[in-house]
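Chemist: There's a structure below that I have some questions on.
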Amino acid sequence: MSSLRVEVQRSDPRPRDAPIGLSGILEILVETLSPLHISSPGTPLKVDEEQLRVILEKYGGINERSIRAVHFEEEHIPFTATIKGPTIPGSSVKGNIRARLELSFRARNGRARSCFIKAGRLMRPPTPGRHGWRHYRIWGDVILEGREPCNFLKTGEVCLLCDLFGTPGLRSLIDFSDFQGEDVELKPMRLDYGMRVLAAPEGSRFRGRVVFHNLKPEELGLLLLGMGLIADRRGEPRLLGRFKYRLRMGRVRYILEALRLSKLSQPLRLNGVELGPGERIEGEHINPIVKPLTSRALEAYREELLIVNEVKIVESLR
């Protein structure tokens, strides 16, 4: 099977300079359900080059058998941190949510609401042991689709997710702060391929904020779905970070702790609950509005949106 060409639905982005929808702040807690490792994408893994060449020739390139045979020289790969301690960068959380939503949108009649912001894709289903095979088992044939990234600077049009999360030349409507760890004590871990990392243990907590502007109720619901929230403020387990496809690594839960509308926001009226401009709700008082928001999203996008239990699927793989 080769890659599949899919037409991406695009239109003019909404105004950025006038209040026309819901605007406010989500206060989010990320709770680890298993050890979590977050490191810079460019963090190198040092190996003996001659040994690596021999192993790649023996096992026919990069696959699970060749990686398992490599001896990594790195001490412990550090967890991303600021002067305040272990931190999950806002860019990592944004990328995690956006990528999940991109893959959750399925094409109907050859058209999809979302591009793939990263153009690289698999050309055919990988067999077990090859690069990307777990990713394919989770998301299926959608990752073979040739959804070209939006080029706003050239065309002036964007897909739904580029309108929400931004693209070169177009400011995002959803911004993520860094998520700061609360008294997180990193633990050294030795992984099965000889890699050693510093990881946040199960039960670690990271807090941050998500600021949103000019969203429709169904788009706010879509953002919650991207965090795994469906029926209430405590989300379903989701995958995050490096090594997230390894057994019992990178399982987290997003928890919505508070929602505040800005003074310029439209009011939010759902399920008998009304939140006016400048008002804030927190804790269990949030629960009555989560399901109506996510239901709005599921209704608005209907058969186009597929909710995938990624943790359940990856833990069933061997």
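Chain labels A, B, ... are given in the sequence in which chains occur in the structure tokens; within each chain residues are numbered consecutively from 1, and ligands are likewise numbered from 1 in the order shown.
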Contacts of Arg5 (chain A) at 10 Å or less, counting only C-alpha atoms, minus same-chain residues fewer than 5 places along, as a CSV table (one decimal) with N, CA and C atoms, in the first residue's frame?
Modeler:
chain,number,residue,atom,x,y,z
A,110,GLY,N,-12.7,11.6,0.7
A,110,GLY,CA,-11.4,12.1,0.2
A,110,GLY,C,-11.0,13.4,0.8
A,111,ARG,N,-11.8,14.0,1.8
A,111,ARG,CA,-11.4,15.3,2.3
A,111,ARG,C,-11.3,15.2,3.8
A,144,LEU,N,-0.9,7.0,6.7
A,144,LEU,CA,-0.4,6.8,5.3
A,144,LEU,C,-0.9,7.9,4.4
A,145,GLU,N,-1.8,8.8,4.9
A,145,GLU,CA,-2.4,9.8,4.1
A,145,GLU,C,-1.5,10.9,3.8
A,146,GLY,N,-1.5,11.4,2.6
A,146,GLY,CA,-0.7,12.5,2.1
A,146,GLY,C,-1.4,13.9,2.3
A,147,ARG,N,-1.5,14.3,3.5
A,147,ARG,CA,-2.1,15.6,3.8
A,147,ARG,C,-1.0,16.7,3.9
A,148,GLU,N,-0.9,17.4,2.8
A,148,GLU,CA,0.1,18.4,2.8
A,148,GLU,C,-0.1,19.5,3.8
Chemist: For region 269-285 of chain A, list every protein, DNA or RNA residue within 9 Å, evaluated using only C-alpha atoms, and leave out those in the same chain fewer than 3 positions away; present the list as a PyMOL selection string.
Modeler: chain A and resi 23-24+27+232-233+256-266+288-289+292-293
Chemist: Report as a tab-separated table (two decimals) with N, CA and C atoms, in the first residue's frame all protein, DNA and RNA residues lying within 8 Å of Pro126 (chain A), evaluated on only C-alpha atoms, omitting residues in the same chain fewer than 6 positions from it.
Modeler:
chain	number	residue	atom	x	y	z
A	132	GLY	N	8.16	2.77	13.57
A	132	GLY	CA	6.81	3.27	13.43
A	132	GLY	C	5.71	2.23	13.50
A	133	TRP	N	6.03	0.97	13.79
A	133	TRP	CA	4.98	-0.05	13.73
A	133	TRP	C	3.96	0.11	14.84
A	136	TYR	N	1.67	2.95	13.95
A	136	TYR	CA	0.69	2.52	12.95
A	136	TYR	C	-0.41	1.67	13.58
Chemist: Enumerate the residues of region 232-297 of chain A with a DSSP assignment of alpha helix (DSSP H), computed from the backbone, and present them as an MDAnalysis selection string.
Modeler: chainID A and resid 287:297
Chemist: Between A:Glu303, A:Asp183, A:Asp17, A:Glu310, which has the minimum distance to Gly250 (chain A) (counting only C-alpha atoms)?
Modeler: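 Of all the options, A:Glu310 lies closest to Gly250 (chain A).
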Chemist: Using only C-alpha atoms for the distances, tell me which of A:Met249, A:Ile117, A:Val290, A:Leu164 is nearest to Pro201 (chain A).
Modeler: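 Nearest candidate to Pro201 (chain A) out of A:Met249, A:Ile117, A:Val290, A:Leu164: A:Met249.
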Chemist: Using only C-alpha atoms, which residue out of A:Ser104, A:Ser92, A:Ser177, A:Ser11 lies closest to Ile28 (chain A)?
Modeler: A:Ser177
Chemist: Could you tell me which of A:Arg113, A:Arg100, A:Lys84, A:Arg124 comes closest to Val8 (chain A) if we count only C-alpha atoms?
Modeler: A:Arg113
Chemist: Using only C-alpha atoms, can you tell me which of A:Leu36, A:Leu173, A:Ile255, A:Ala297 comes closest to Gly228 (chain A)?
Modeler: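 Ranking A:Leu36, A:Leu173, A:Ile255, A:Ala297 by distance to Gly228 (chain A), first place goes to A:Ile255.
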Chemist: Please list as a ChimeraX atom specification every residue within 9 Å of region 187-189 of chain A, counting only C-alpha atoms and excluding residues in the same chain fewer than 3 positions away.
Modeler: /A:35,76,195-201
Chemist: Just the number, please: distance in Å from CA of Ile88 (chain A) to CA of Leu33 (chain A), one decimal.
Modeler: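 These two atoms are separated by 15.1 Å.
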Chemist: Based on DSSP run over this structure's backbone, return all residues of region 136-238 of chain A in strand (DSSP E or B), as a VMD selection string.
Modeler: chain A and resid 145 to 146 158 167 170 174 to 176 179 to 181 187 to 190 196 to 200 205 to 215 234 238
Chemist: Pick the closest to Leu240 (chain A) from A:His37, A:Arg98, A:Arg16, A:Lys216: which is it, counting only C-alpha atoms?
Modeler: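 With only C-alpha atoms as the atom set, the closest residue is A:His37.
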Chemist: Would you mind listing what lies within 6 Å of Ser34 (chain A) as a PyMOL selection string, with only C-alpha atoms counted and same-chain residues fewer than 3 positions away left out?
Modeler: chain A and resi 202+248-249+251
Chemist: Skip Ile313 (chain A) itself and residues of its chain fewer than 4 positions away, then list as an MDAnalysis selection string all residues within 12 Å of it, counting only C-alpha atoms.
Modeler: chainID A and resid 134:140 237:239 245 247 308:309 317:318
Chemist: Can you tell me how far CA of Ile174 (chain A) sits from CA of Pro13 (chain A), in Å to one decimal?
Modeler: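 About the pair CA of Ile174 (chain A) and CA of Pro13 (chain A): they are 13.8 Å apart.
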Chemist: Interatomic distance between CA of Gly208 (chain A) and CA of Asp178 (chain A)?
Modeler: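 CA of Asp178 (chain A) lies at a distance of 5.9 Å from CA of Gly208 (chain A).
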Chemist: Which polymer residues have any atom within 9 Å of an atom of Ser114 (chain A), counting only C-alpha atoms, with same-chain residues fewer than 3 positions away left out, as a ChimeraX atom specification?
Modeler: /A:8-10,101-103,105-107,117,147,149,158-162
